[in-house]
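Student: Right, I'll just put the structure down here and ask away after.
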Amino acid sequence: MSVGLLAEANRPLAWRGPVLHKIITQFLQDVEWGELDYLLIDLPPGTGDAQITIIQESPICGVILVTTPQQVAVADVRRNIYMFRQVGVPVLGIIENMSYLICGDCGSRTPIFGSGGGEQLAAELQAPLLGQIPIDPRICSGSDTGNPIAISEYASPAKEVFTQIATSLNITFTLHDKTTQLDQV
């Protein structure tokens with residue numbers, strides 16, 4: 001499900017407060033999700049209406065925050081972490097996107113947007129760094145065609161990172177489920 005499915009082509013989505021709250025609530029309550037193992041919700045960056053609505057309206061078990069290496073992004077994600085922790089939502093992990101560009105000729109890594117932002121946050125806030133995703137044009141083209149790199153590529157650094165992230169999250173959710181079951185006994 002995507003908010004993009006509700007939008008008219010070339011029309012901005014300028015939703016605030018009550019309208020955004022209603023749309024998110026409808027997504028959570030009215031969409032026929034079927035049998036789910038997980039429901040991941042991709043939110044815009046920040047600590048605004050969308051995040052507050054999700055906290056209020058869903059049985060959220062945790063958040064995964066995405067940063068890029070540069071310090072301005074790290075500062076924004078740090079605020080997110082403190083907001084979620086303040087309301088009792090655990091941080092399941094941090095993902096660093098656009099971590100580096102791999103040279104197609106020699107395989108060397110170039111940290112175009114700086115380096116270490118995700119590692120810094122993970123160490124500072126004691127949250128696991130789930131992965132550092134390289135810049136790879138096949139990520140974009142695969143997303144645009146509905147053929148994600150994690151499925152379409154046999155071997156690529158980006159596929160390996162996505163697999164690592166998925167494996168880590170699966171372990172985290174499995175441990176969370178076992179802990180929840182023990183708490184209920």
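Chain labels A, B, ... are given in the sequence in which chains occur in the structure tokens; within each chain residues are numbered consecutively from 1, and ligands are likewise numbered from 1 in the order shown.
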Residues within 8 Å of Gly118 (chain A), please, as a PDB file with N, CA and C atoms, in the first residue's frame. Count only C-alpha atoms; anything in the same chain fewer than 2 positions from it doesn't count.
Tutor:
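Below you can see selection-v8.pdb, which holds the result:
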ATOM      1  N   THR A  67      19.763   6.513   7.973  1.00  0.00           N
ATOM      2  CA  THR A  67      20.549   7.735   7.871  1.00  0.00           C
ATOM      3  C   THR A  67      21.429   7.644   6.639  1.00  0.00           C
ATOM      4  N   THR A  68      22.068   8.718   6.334  1.00  0.00           N
ATOM      5  CA  THR A  68      23.166   8.716   5.384  1.00  0.00           C
ATOM      6  C   THR A  68      24.403   9.124   6.180  1.00  0.00           C
ATOM      7  N   PRO A  69      25.595   8.982   5.632  1.00  0.00           N
ATOM      8  CA  PRO A  69      26.797   9.185   6.444  1.00  0.00           C
ATOM      9  C   PRO A  69      27.024  10.613   6.959  1.00  0.00           C
ATOM     10  N   VAL A  74      22.781  12.534  10.341  1.00  0.00           N
ATOM     11  CA  VAL A  74      22.970  11.876  11.633  1.00  0.00           C
ATOM     12  C   VAL A  74      22.254  12.674  12.734  1.00  0.00           C
ATOM     13  N   ILE A  94      19.785   0.622  13.023  1.00  0.00           N
ATOM     14  CA  ILE A  94      20.073   1.765  12.158  1.00  0.00           C
ATOM     15  C   ILE A  94      20.611   1.222  10.841  1.00  0.00           C
ATOM     16  N   ILE A  95      20.150   1.825   9.754  1.00  0.00           N
ATOM     17  CA  ILE A  95      20.655   1.486   8.421  1.00  0.00           C
ATOM     18  C   ILE A  95      21.288   2.747   7.853  1.00  0.00           C
ATOM     19  N   GLU A  96      22.478   2.597   7.306  1.00  0.00           N
ATOM     20  CA  GLU A  96      23.134   3.719   6.639  1.00  0.00           C
ATOM     21  C   GLU A  96      22.980   3.527   5.139  1.00  0.00           C
ATOM     22  N   GLY A 116      31.038   6.930   8.205  1.00  0.00           N
ATOM     23  CA  GLY A 116      30.978   6.685   9.637  1.00  0.00           C
ATOM     24  C   GLY A 116      29.755   7.191  10.366  1.00  0.00           C
ATOM     25  N   GLN A 120      28.723   5.810  13.975  1.00  0.00           N
ATOM     26  CA  GLN A 120      28.734   6.773  15.079  1.00  0.00           C
ATOM     27  C   GLN A 120      27.429   6.699  15.869  1.00  0.00           C
ATOM     28  N   LEU A 121      26.296   6.731  15.155  1.00  0.00           N
ATOM     29  CA  LEU A 121      24.989   6.651  15.829  1.00  0.00           C
ATOM     30  C   LEU A 121      24.832   5.338  16.582  1.00  0.00           C
ATOM     31  N   ALA A 122      25.219   4.255  15.947  1.00  0.00           N
ATOM     32  CA  ALA A 122      25.072   2.940  16.575  1.00  0.00           C
ATOM     33  C   ALA A 122      25.864   2.875  17.877  1.00  0.00           C
ATOM     34  N   LEU A 129      23.913  -1.422  14.137  1.00  0.00           N
ATOM     35  CA  LEU A 129      24.018  -0.967  12.754  1.00  0.00           C
ATOM     36  C   LEU A 129      23.698  -2.179  11.893  1.00  0.00           C
ATOM     37  N   GLN A 132      25.168  -1.113   5.809  1.00  0.00           N
ATOM     38  CA  GLN A 132      25.582   0.093   5.111  1.00  0.00           C
ATOM     39  C   GLN A 132      25.390  -0.166   3.621  1.00  0.00           C
TER      40      GLN A 132
END
Student: Please report, as a Markdown table, each residue of region 58-138 of chain A lying at most 12 Å from region 17-36 of chain A, together with the nearest pair of atoms and the separation in Å rounded to one decimal; use only C-alpha atoms, and order rows by chain and ascending residue number.
Tutor:
| residue | atom | partner | partner_atom | distance |
| --- | --- | --- | --- | --- |
| A:Ser58 | CA | A:Leu28 | CA | 7.1 |
| A:Pro59 | CA | A:Leu28 | CA | 10.0 |
| A:Ile60 | CA | A:Leu28 | CA | 11.1 |
Student: Selection from above, C-alpha atoms, as a PDB file, in the first residue's frame, can you write it?
Tutor:
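Written file, again.pdb:
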ATOM      1  CA  SER A  58      -0.458   1.132  16.003  1.00  0.00           C
ATOM      2  CA  PRO A  59       0.934  -1.621  18.176  1.00  0.00           C
ATOM      3  CA  ILE A  60       4.447  -0.659  17.122  1.00  0.00           C
TER       4      ILE A  60
END
Student: Quick check for you: according to DSSP on this backbone, which residues of region 18-111 of chain A are classed as strand (DSSP E or B)? Reply as a list in words.
Tutor: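 The strand (DSSP E or B) subset of region 18-111 of chain A is Val63, Ile64, Leu65, Val66, Thr67, Val91, Leu92, Gly93, Ile94, Ile95, Glu96, Leu101, Ile102, Arg109 and Thr110 of chain A.
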Student: Find, counting only C-alpha atoms, the residue in A:Phe162, A:Arg79, A:Trp15, A:Ile112 that gets nearest to Asp49 (chain A).
Tutor: A:Trp15
Student: Where in region 60-159 of chain A does DSSP assign alpha helix (DSSP H), given as a VMD selection string?
Tutor: chain A and resid 71 to 86 117 to 125 137 to 145 149 to 152 157 to 159
Student: Would you save the residues from that selection as a compact mmCIF listing (two decimals), in the first residue's frame, using C-alpha atoms?
Tutor:
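Dumped to part-v2.txt:
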# COMPACT_ATOMS: atom_id res chain seq x y z
CA GLN A 71 26.51 14.72 9.98
CA VAL A 72 23.37 16.72 9.12
CA ALA A 73 21.50 13.45 8.50
CA VAL A 74 22.97 11.88 11.63
CA ALA A 75 21.70 14.84 13.70
CA ASP A 76 18.16 14.38 12.32
CA VAL A 77 18.15 10.63 13.03
CA ARG A 78 19.51 11.25 16.53
CA ARG A 79 16.43 13.41 17.26
CA ASN A 80 14.21 10.63 15.92
CA ILE A 81 15.86 8.08 18.18
CA TYR A 82 15.39 10.25 21.26
CA MET A 83 11.74 10.89 20.35
CA PHE A 84 10.95 7.20 19.90
CA ARG A 85 12.79 6.19 23.05
CA GLN A 86 11.05 8.94 25.02
CA GLY A 117 27.65 8.38 10.38
CA GLY A 118 25.76 5.13 10.92
CA GLU A 119 28.57 3.62 12.96
CA GLN A 120 28.73 6.77 15.08
CA LEU A 121 24.99 6.65 15.83
CA ALA A 122 25.07 2.94 16.58
CA ALA A 123 27.92 3.33 19.06
CA GLU A 124 26.59 6.51 20.65
CA LEU A 125 23.03 5.29 21.09
CA PRO A 137 22.17 2.35 -9.88
CA ARG A 138 20.67 -1.17 -10.04
CA ILE A 139 18.87 -0.45 -6.75
CA CYS A 140 16.98 2.39 -8.42
CA SER A 141 16.32 0.64 -11.71
CA GLY A 142 15.19 -2.53 -9.91
CA SER A 143 12.80 -0.54 -7.73
CA ASP A 144 11.39 1.27 -10.74
CA THR A 145 10.74 -1.99 -12.61
CA ILE A 149 18.22 -5.99 -6.49
CA ALA A 150 17.93 -8.36 -3.53
CA ILE A 151 16.00 -10.77 -5.76
CA SER A 152 17.28 -10.02 -9.27
CA PRO A 157 27.54 -5.91 -2.66
CA ALA A 158 24.12 -4.24 -2.40
CA LYS A 159 22.29 -7.59 -2.46
Student: Nearest residue to Tyr100 (chain A) out of A:Glu57, A:Glu160, A:Asp42, A:Asp136, using only C-alpha atoms?
Tutor: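 When distances to Tyr100 (chain A) are compared using only C-alpha atoms, the smallest one comes from A:Asp136.
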Student: CA of Gly131 (chain A) and CA of Ile102 (chain A), how far apart in Å?
Tutor: 15.7 Å
Student: Nearest residue to Val87 (chain A) out of A:Cys103, A:Ile55, A:Cys61, A:Ala166, using only C-alpha atoms?
Tutor: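 Using only C-alpha atoms, Val87 (chain A) sits closest to A:Ile55.
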Student: Report as a list in words all protein, DNA and RNA residues lying within 9 Å of Leu13 (chain A), evaluated on only C-alpha atoms, omitting residues in the same chain fewer than 2 positions from it.
Tutor: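 The neighbour list is Val3, Gly4, Ala7, Glu8, Arg11 and Trp15 of chain A.
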Student: Could you check the closest approach to Met98 (chain A) for each of A:Pro148, A:Pro134, A:Gly114, A:Pro128 and tell me which residue wins, using only C-alpha atoms?
Tutor: A:Pro134
